There are 2 protein chains.
Amino acid sequence: MAEQHHFARLLGANPFFAGLGADALQAVAGLCVTCSLAPEEMLFQKGDPGDALYAVRRGQIRIATGTEAGRRLTLNLLGSGDVFGEVALLDGCPRTADAVAVEPTELFMVRRRDFLDLLERQPAVAVRIIEFLCRRIRWMSERMEESVLLPLPARLSRRLLALADDYGAELHISQEELAIFVGATRESVNRQLQTWRRGGILALGRSRIHVLDPRALSAAGAPKEALQ
Amino acid sequence: MAEQHHFARLLGANPFFAGLGADALQAVAGLCVTCSLAPEEMLFQKGDPGDALYAVRRGQIRIATGTEAGRRLTLNLLGSGDVFGEVALLDGCPRTADAVAVEPTELFMVRRRDFLDLLERQPAVAVRIIEFLCRRIRWMSERMEESVLLPLPARLSRRLLALADDYGAELHISQEELAIFVGATRESVNRQLQTWRRGGILALGRSRIHVLDPRALSAAGAPKEALQ
DNA sequence: CGCTTTGTGTGACCCGCATCACAGACGATC
DNA sequence: GATCGTCTGTGATGCGGGTCACACAAAGCG
């Protein structure tokens, strides 16, 4: 019960369910199942039927894809409170990417049927969902522009700043992880991080990146365009 | 009046409004204003308030962005029957990209206020919108993966096949346009098209690309992965 | 405590694609 | 039909970043 109250609060804080009454939140909370994952454990993969919606309770989830040739790409990293898996849930089509736990992770899960029932009984939820989807579209279109138009230093700078914004200046992520997140190789990422470290912008450690000077990092991310 | 019936049919054929009753469609049609654009005329640009939803009646619209440094990127090309501008309309935030007419174009336009009123009176529309947004998210995530993971020939092949699918095997698009659509330069695109022309896969002309052998083109687009 | 595993730091080399620079070729416009 | 602007075709050259190949350091683990 305390469990469910905690849960309802967590959901209420999330834009996906914001605007529901306390009672409705309790109802949603009642539909949820928790589930936990070990590091590197896969929750679902590309092509699976989208039969559930998830929210991160604790830990971190990586949404990723790759080619058969082994090239990989992280589409997003999700932390506590983030909701994911909504697209496949809403349109009933297969998942477009894999979801893997980065660290020991606990999730809340709502099954498709239960969620659609709720949606029918609470039409106000639809509006929230629309807003949520719009936010996601904007985020994707931004990332898409970045990845096509900007060179590695700019992409890296922005991703680091975004991560620092979400998780604080002390990031614990390996350079390998970071590389497949910005669509580059570990070596290239390492070289760029080194020049920033030498400039006093970052401090580096094993699976640790400390953003010391966000302003300078931000400036370093837009030199080509700034100069003209 | 015949005008409005034509319009209502066009809207009904579009997933955005599919599922509305004939009367509802008439109501929407009544809200619409038509507007026409000359080639290269700008409908809206990045940062503008999103105060309307559009549907292409005739012609072609390019959705694009770019950096201050002059690098450009076409995000989408929309033809007759396509709906666009829905994100800014729905969440009330500024446009994330420019919309420009490629050729002489006529549009239908619904103003934000009118549309939100409709949405309130016809809650069933919300579900359609959700599906529409989901489709868009899937499309974007696919394009995003492509642009990061695939080399130019693969990206080009896929874009050509997609265009041929929408507009028929006879594409009339300049190589420059095509280049900024796949995130490359005209020169690189030209060289790739030439090798395909020499292979009998394409025929080329001034602002004209004829896809002669879609199968071969599709195969040419995935060599690296296919070989292994 | 060695031994392995996982992550970092760096050099050498190469390749895809951008950049730069022209030379036609086709369509419009008068 | 001469002229001009847009579009195509192609070479030369350069650079960002991918690939390969190690050396080393820090964390697990018997």
# chains A, B, ... in the order shown; residues from 1 in each chain; ligands from 1
$ closest_atom_pairs --of "chain A" --to "chain B" --cutoff "8 Å" --atoms "only C-alpha atoms" --output "tab-separated table"
residue	atom	partner	partner_atom	distance
A:Thr65	CA	B:Glu145	CA	7.8
A:Gly66	CA	B:Leu149	CA	7.7
A:Thr67	CA	B:Glu225	CA	7.3
A:Glu68	CA	B:Glu225	CA	6.0
A:Ala69	CA	B:Glu225	CA	5.4
A:Arg71	CA	B:Leu149	CA	6.9
A:Arg72	CA	B:Leu149	CA	7.6
A:Leu73	CA	B:Glu145	CA	7.5
A:Val87	CA	B:Cys134	CA	5.6
A:Leu90	CA	B:Glu131	CA	7.1
A:Asp91	CA	B:Glu131	CA	5.9
A:Thr96	CA	B:Arg138	CA	7.3
A:Pro123	CA	B:Pro123	CA	7.5
A:Ala126	CA	B:Ala126	CA	6.4
A:Val127	CA	B:Ala126	CA	7.2
A:Ile129	CA	B:Ile130	CA	7.5
A:Ile130	CA	B:Ile130	CA	6.0
A:Glu131	CA	B:Asp91	CA	5.9
A:Leu133	CA	B:Leu133	CA	6.6
A:Cys134	CA	B:Val87	CA	5.6
A:Arg136	CA	B:Ile137	CA	7.8
A:Ile137	CA	B:Ile137	CA	6.1
A:Arg138	CA	B:Thr96	CA	7.3
A:Met140	CA	B:Met140	CA	7.1
A:Ser141	CA	B:Met140	CA	7.3
A:Met144	CA	B:Met144	CA	5.7
A:Glu145	CA	B:Leu73	CA	7.5
A:Ser147	CA	B:Val148	CA	6.7
A:Val148	CA	B:Gly183	CA	6.2
A:Leu149	CA	B:Arg71	CA	6.9
A:Gly183	CA	B:Val148	CA	6.2
A:Lys224	CA	B:Ala69	CA	7.4
A:Glu225	CA	B:Ala69	CA	5.4
A:Gln228	CA	B:Ala69	CA	6.4
$ select_by_dssp --residues "stretch 155-228 of chain B" --states "helix (DSSP H, G or I)" --output "count of residues only"
45
$ calpha_fit_and_write --fixed "chain A" --moving "chain B" --output "JSON list (two decimals) with C-alpha atoms, in the first residue's frame"
[["chain", "number", "residue", "atom", "x", "y", "z"],
["B", 1, "MET", "CA", 0.03, 0.05, 0.04],
["B", 2, "ALA", "CA", 2.76, 2.49, 0.95],
["B", 3, "GLU", "CA", 4.28, 1.01, -2.13],
["B", 4, "GLN", "CA", 1.34, 2.12, -4.21],
["B", 5, "HIS", "CA", 1.29, 5.60, -2.79],
["B", 6, "HIS", "CA", 4.95, 6.01, -3.58],
["B", 7, "PHE", "CA", 4.23, 4.76, -7.03],
["B", 8, "ALA", "CA", 1.28, 7.05, -7.58],
["B", 9, "ARG", "CA", 3.45, 10.02, -6.62],
["B", 10, "LEU", "CA", 6.14, 8.95, -9.04],
["B", 11, "LEU", "CA", 3.63, 8.66, -11.85],
["B", 12, "GLY", "CA", 2.01, 11.95, -10.99],
["B", 13, "ALA", "CA", 5.37, 13.67, -11.32],
["B", 14, "ASN", "CA", 5.68, 12.35, -14.84],
["B", 15, "PRO", "CA", 4.24, 14.32, -17.75],
["B", 16, "PHE", "CA", 2.73, 11.14, -19.11],
["B", 17, "PHE", "CA", 0.24, 10.98, -16.28],
["B", 18, "ALA", "CA", 0.25, 14.56, -15.09],
["B", 19, "GLY", "CA", -3.19, 16.03, -14.81],
["B", 20, "LEU", "CA", -4.90, 12.89, -13.64],
["B", 21, "GLY", "CA", -6.69, 13.11, -10.36],
["B", 22, "ALA", "CA", -5.27, 11.38, -7.31],
["B", 23, "ASP", "CA", -7.89, 8.65, -7.60],
["B", 24, "ALA", "CA", -7.07, 8.01, -11.22],
["B", 25, "LEU", "CA", -3.40, 7.80, -10.35],
["B", 26, "GLN", "CA", -4.23, 5.22, -7.72],
["B", 27, "ALA", "CA", -6.13, 3.30, -10.36],
["B", 28, "VAL", "CA", -3.14, 3.32, -12.67],
["B", 29, "ALA", "CA", -0.87, 2.38, -9.83],
["B", 30, "GLY", "CA", -3.10, -0.58, -9.18],
["B", 31, "LEU", "CA", -2.51, -1.80, -12.71],
["B", 32, "CYS", "CA", 1.21, -1.75, -12.36],
["B", 33, "VAL", "CA", 3.52, -4.64, -11.90],
["B", 34, "THR", "CA", 7.09, -4.10, -10.81],
["B", 35, "CYS", "CA", 9.95, -5.93, -12.41],
["B", 36, "SER", "CA", 13.69, -5.87, -11.89],
["B", 37, "LEU", "CA", 16.58, -6.34, -14.22],
["B", 38, "ALA", "CA", 20.24, -7.20, -13.77],
["B", 39, "PRO", "CA", 22.88, -5.14, -15.58],
["B", 40, "GLU", "CA", 22.91, -5.87, -19.31],
["B", 41, "GLU", "CA", 19.66, -7.79, -19.02],
["B", 42, "MET", "CA", 17.37, -7.22, -21.98],
["B", 43, "LEU", "CA", 13.81, -6.05, -21.35],
["B", 44, "PHE", "CA", 12.63, -6.27, -24.95],
["B", 45, "GLN", "CA", 14.16, -6.14, -28.35],
["B", 46, "LYS", "CA", 13.42, -4.74, -31.78],
["B", 47, "GLY", "CA", 10.52, -6.64, -33.30],
["B", 48, "ASP", "CA", 8.91, -7.78, -30.07],
["B", 49, "PRO", "CA", 5.19, -7.08, -29.71],
["B", 50, "GLY", "CA", 4.62, -3.87, -27.77],
["B", 51, "ASP", "CA", 2.46, -5.18, -25.00],
["B", 52, "ALA", "CA", 3.48, -2.98, -22.10],
["B", 53, "LEU", "CA", 4.38, 0.50, -20.97],
["B", 54, "TYR", "CA", 7.25, 1.06, -18.57],
["B", 55, "ALA", "CA", 8.46, 3.62, -16.08],
["B", 56, "VAL", "CA", 11.89, 3.53, -14.48],
["B", 57, "ARG", "CA", 11.69, 3.26, -10.74],
["B", 58, "ARG", "CA", 15.38, 2.97, -10.05],
["B", 59, "GLY", "CA", 18.38, 2.38, -12.25],
["B", 60, "GLN", "CA", 18.98, 3.10, -15.90],
["B", 61, "ILE", "CA", 17.67, 1.78, -19.20],
["B", 62, "ARG", "CA", 19.35, 2.08, -22.57],
["B", 63, "ILE", "CA", 17.23, 2.25, -25.71],
["B", 64, "ALA", "CA", 19.38, 1.09, -28.61],
["B", 65, "THR", "CA", 19.60, -0.41, -32.07],
["B", 66, "GLY", "CA", 22.30, -1.55, -34.42],
["B", 67, "THR", "CA", 23.05, -3.06, -37.79],
["B", 68, "GLU", "CA", 23.75, -6.73, -38.40],
["B", 69, "ALA", "CA", 27.31, -5.65, -39.12],
["B", 70, "GLY", "CA", 27.77, -4.79, -35.46],
["B", 71, "ARG", "CA", 27.53, -1.01, -35.62],
["B", 72, "ARG", "CA", 25.47, 0.10, -32.65],
["B", 73, "LEU", "CA", 23.59, 3.24, -31.67],
["B", 74, "THR", "CA", 22.10, 4.28, -28.37],
["B", 75, "LEU", "CA", 18.94, 6.27, -28.97],
["B", 76, "ASN", "CA", 18.30, 7.28, -25.39],
["B", 77, "LEU", "CA", 19.31, 6.73, -21.78],
["B", 78, "LEU", "CA", 16.45, 6.77, -19.30],
["B", 79, "GLY", "CA", 16.62, 7.26, -15.57],
["B", 80, "SER", "CA", 14.35, 7.32, -12.58],
["B", 81, "GLY", "CA", 10.88, 8.61, -13.40],
["B", 82, "ASP", "CA", 11.20, 8.34, -17.17],
["B", 83, "VAL", "CA", 8.45, 6.61, -19.11],
["B", 84, "PHE", "CA", 9.19, 4.59, -22.23],
["B", 85, "GLY", "CA", 7.74, 2.04, -24.60],
["B", 86, "GLU", "CA", 4.71, 4.19, -25.24],
["B", 87, "VAL", "CA", 4.76, 4.11, -29.03],
["B", 88, "ALA", "CA", 4.51, 0.36, -29.47],
["B", 89, "LEU", "CA", 1.92, 0.32, -26.71],
["B", 90, "LEU", "CA", -0.25, 2.92, -28.32],
["B", 91, "ASP", "CA", -0.18, 1.78, -31.92],
["B", 92, "GLY", "CA", 0.18, -1.94, -31.31],
["B", 93, "CYS", "CA", 3.09, -2.34, -33.71],
["B", 94, "PRO", "CA", 6.40, -4.06, -32.91],
["B", 95, "ARG", "CA", 9.16, -2.41, -30.92],
["B", 96, "THR", "CA", 11.55, -0.37, -33.02],
["B", 97, "ALA", "CA", 14.51, -0.69, -30.68],
["B", 98, "ASP", "CA", 15.97, -2.74, -27.86],
["B", 99, "ALA", "CA", 15.66, -1.86, -24.18],
["B", 100, "VAL", "CA", 18.50, -3.03, -21.94],
["B", 101, "ALA", "CA", 19.28, -2.35, -18.30],
["B", 102, "VAL", "CA", 22.57, -0.51, -17.84],
["B", 103, "GLU", "CA", 22.74, -1.12, -14.09],
["B", 104, "PRO", "CA", 20.52, -3.01, -11.64],
["B", 105, "THR", "CA", 17.13, -1.55, -12.47],
["B", 106, "GLU", "CA", 13.58, -1.71, -11.22],
["B", 107, "LEU", "CA", 10.64, -0.86, -13.42],
["B", 108, "PHE", "CA", 6.94, -0.32, -13.17],
["B", 109, "MET", "CA", 5.00, -1.91, -15.96],
["B", 110, "VAL", "CA", 1.43, -1.48, -17.23],
["B", 111, "ARG", "CA", 0.08, -4.08, -19.62],
["B", 112, "ARG", "CA", -1.44, -2.91, -22.88],
["B", 113, "ARG", "CA", -4.95, -4.15, -22.20],
["B", 114, "ASP", "CA", -5.09, -2.48, -18.81],
["B", 115, "PHE", "CA", -3.74, 0.74, -20.19],
["B", 116, "LEU", "CA", -6.19, 0.91, -23.08],
["B", 117, "ASP", "CA", -9.05, 0.26, -20.67],
["B", 118, "LEU", "CA", -7.86, 3.14, -18.56],
["B", 119, "LEU", "CA", -7.59, 5.35, -21.61],
["B", 120, "GLU", "CA", -11.19, 4.59, -22.46],
["B", 121, "ARG", "CA", -12.45, 5.39, -18.97],
["B", 122, "GLN", "CA", -10.32, 8.53, -18.66],
["B", 123, "PRO", "CA", -10.37, 10.37, -21.97],
["B", 124, "ALA", "CA", -8.48, 13.28, -20.42],
["B", 125, "VAL", "CA", -5.39, 11.11, -20.44],
["B", 126, "ALA", "CA", -5.37, 11.27, -24.22],
["B", 127, "VAL", "CA", -4.49, 14.93, -24.17],
["B", 128, "ARG", "CA", -1.52, 14.26, -21.89],
["B", 129, "ILE", "CA", -0.35, 11.52, -24.14],
["B", 130, "ILE", "CA", -0.52, 13.82, -27.12],
["B", 131, "GLU", "CA", 1.63, 16.36, -25.33],
["B", 132, "PHE", "CA", 4.05, 13.65, -24.34],
["B", 133, "LEU", "CA", 4.35, 12.39, -27.90],
["B", 134, "CYS", "CA", 4.86, 15.91, -29.19],
["B", 135, "ARG", "CA", 7.71, 16.41, -26.77],
["B", 136, "ARG", "CA", 9.26, 13.20, -27.96],
["B", 137, "ILE", "CA", 8.95, 14.24, -31.60],
["B", 138, "ARG", "CA", 10.64, 17.54, -30.90],
["B", 139, "TRP", "CA", 13.44, 15.82, -29.05],
["B", 140, "MET", "CA", 14.01, 13.38, -31.87],
["B", 141, "SER", "CA", 13.98, 15.98, -34.56],
["B", 142, "GLU", "CA", 16.55, 17.97, -32.63],
["B", 143, "ARG", "CA", 18.79, 14.96, -32.21],
["B", 144, "MET", "CA", 18.38, 14.11, -35.85],
["B", 145, "GLU", "CA", 19.51, 17.52, -37.00],
["B", 146, "GLU", "CA", 22.46, 17.35, -34.65],
["B", 147, "SER", "CA", 23.58, 13.98, -35.85],
["B", 148, "VAL", "CA", 23.47, 14.94, -39.50],
["B", 149, "LEU", "CA", 24.64, 18.54, -39.39],
["B", 150, "LEU", "CA", 27.12, 18.74, -36.55],
["B", 151, "PRO", "CA", 30.66, 17.36, -36.31],
["B", 152, "LEU", "CA", 31.69, 15.14, -33.44],
["B", 153, "PRO", "CA", 32.87, 17.80, -30.97],
["B", 154, "ALA", "CA", 29.55, 19.62, -31.16],
["B", 155, "ARG", "CA", 27.51, 16.46, -30.80],
["B", 156, "LEU", "CA", 29.63, 15.32, -27.89],
["B", 157, "SER", "CA", 29.43, 18.65, -26.15],
["B", 158, "ARG", "CA", 25.66, 18.76, -26.39],
["B", 159, "ARG", "CA", 25.20, 15.21, -25.24],
["B", 160, "LEU", "CA", 27.46, 15.78, -22.23],
["B", 161, "LEU", "CA", 25.61, 18.94, -21.29],
["B", 162, "ALA", "CA", 22.27, 17.19, -21.62],
["B", 163, "LEU", "CA", 23.46, 14.31, -19.45],
["B", 164, "ALA", "CA", 24.90, 16.69, -16.87],
["B", 165, "ASP", "CA", 21.57, 18.46, -16.86],
["B", 166, "ASP", "CA", 19.68, 15.25, -16.12],
["B", 167, "TYR", "CA", 22.08, 13.48, -13.78],
["B", 168, "GLY", "CA", 24.36, 16.19, -12.39],
["B", 169, "ALA", "CA", 27.91, 17.18, -13.32],
["B", 170, "GLU", "CA", 29.33, 13.85, -12.15],
["B", 171, "LEU", "CA", 28.51, 11.44, -14.95],
["B", 172, "HIS", "CA", 29.29, 7.79, -14.59],
["B", 173, "ILE", "CA", 29.37, 6.50, -18.11],
["B", 174, "SER", "CA", 32.11, 4.73, -20.00],
["B", 175, "GLN", "CA", 33.62, 6.36, -23.05],
["B", 176, "GLU", "CA", 32.45, 3.40, -25.08],
["B", 177, "GLU", "CA", 28.83, 4.00, -24.00],
["B", 178, "LEU", "CA", 29.16, 7.68, -24.72],
["B", 179, "ALA", "CA", 30.58, 6.96, -28.16],
["B", 180, "ILE", "CA", 27.70, 4.78, -29.30],
["B", 181, "PHE", "CA", 25.36, 7.43, -27.92],
["B", 182, "VAL", "CA", 26.78, 10.18, -30.14],
["B", 183, "GLY", "CA", 27.30, 7.85, -33.08],
["B", 184, "ALA", "CA", 31.08, 7.71, -33.06],
["B", 185, "THR", "CA", 33.93, 5.44, -31.94],
["B", 186, "ARG", "CA", 35.44, 5.24, -28.50],
["B", 187, "GLU", "CA", 38.80, 6.40, -29.81],
["B", 188, "SER", "CA", 37.46, 9.59, -31.36],
["B", 189, "VAL", "CA", 35.47, 10.36, -28.25],
["B", 190, "ASN", "CA", 38.50, 9.78, -26.08],
["B", 191, "ARG", "CA", 40.66, 12.16, -28.10],
["B", 192, "GLN", "CA", 38.05, 14.89, -27.88],
["B", 193, "LEU", "CA", 37.57, 14.39, -24.16],
["B", 194, "GLN", "CA", 41.33, 14.60, -23.70],
["B", 195, "THR", "CA", 41.60, 17.98, -25.38],
["B", 196, "TRP", "CA", 38.79, 19.23, -23.15],
["B", 197, "ARG", "CA", 40.47, 17.77, -20.08],
["B", 198, "ARG", "CA", 43.70, 19.51, -21.01],
["B", 199, "GLY", "CA", 41.64, 22.72, -21.31],
["B", 200, "GLY", "CA", 40.32, 22.27, -17.78],
["B", 201, "ILE", "CA", 36.76, 21.80, -18.99],
["B", 202, "LEU", "CA", 36.43, 18.20, -17.82],
["B", 203, "ALA", "CA", 37.91, 15.81, -15.31],
["B", 204, "LEU", "CA", 38.10, 12.18, -16.34],
["B", 205, "GLY", "CA", 38.23, 8.90, -14.49],
["B", 206, "ARG", "CA", 37.35, 5.29, -15.03],
["B", 207, "SER", "CA", 33.72, 5.37, -16.27],
["B", 208, "ARG", "CA", 33.53, 8.86, -14.84],
["B", 209, "ILE", "CA", 33.29, 12.24, -16.53],
["B", 210, "HIS", "CA", 33.07, 15.36, -14.44],
["B", 211, "VAL", "CA", 31.83, 18.46, -16.22],
["B", 212, "LEU", "CA", 33.84, 21.22, -14.56],
["B", 213, "ASP", "CA", 33.00, 24.12, -16.84],
["B", 214, "PRO", "CA", 29.65, 23.80, -18.61],
["B", 215, "ARG", "CA", 29.91, 27.26, -20.14],
["B", 216, "ALA", "CA", 33.20, 26.51, -21.81],
["B", 217, "LEU", "CA", 31.94, 23.13, -22.91],
["B", 218, "SER", "CA", 28.90, 24.71, -24.48],
["B", 219, "ALA", "CA", 31.09, 27.23, -26.26],
["B", 220, "ALA", "CA", 33.40, 24.47, -27.46],
["B", 221, "GLY", "CA", 30.41, 22.78, -28.99],
["B", 222, "ALA", "CA", 29.59, 25.52, -31.43],
["B", 223, "PRO", "CA", 32.82, 27.00, -32.75],
["B", 224, "LYS", "CA", 32.26, 26.69, -36.47],
["B", 225, "GLU", "CA", 28.94, 28.47, -36.33],
["B", 226, "ALA", "CA", 29.96, 30.99, -33.73],
["B", 227, "LEU", "CA", 32.91, 32.20, -35.77],
["B", 228, "GLN", "CA", 30.63, 32.99, -38.61]]
$ interface_residues --of "chain C" --to "chain A" --cutoff "12 Å" --atoms "only C-alpha atoms (C1' of nucleotides)" --output "PyMOL selection string"
chain C and resi 6-11
$ select_by_dssp --residues "stretch 83-144 of chain A" --states "strand (DSSP E or B)" --output "JSON, numbers by chain"
{"A": [83, 84, 98, 99, 100, 101, 105, 106, 107, 108, 109, 110, 111]}
$ closest_atom_pairs --of "chain D" --to "chain B" --cutoff "9 Å" --atoms "only C-alpha atoms (C1' of nucleotides)" --output "CSV"
residue,atom,partner,partner_atom,distance
D:DC7,C1',B:Arg206,CA,6.4
D:DT8,C1',B:Arg206,CA,7.3
D:DG9,C1',B:Asn190,CA,7.7
D:DT10,C1',B:Arg191,CA,8.5
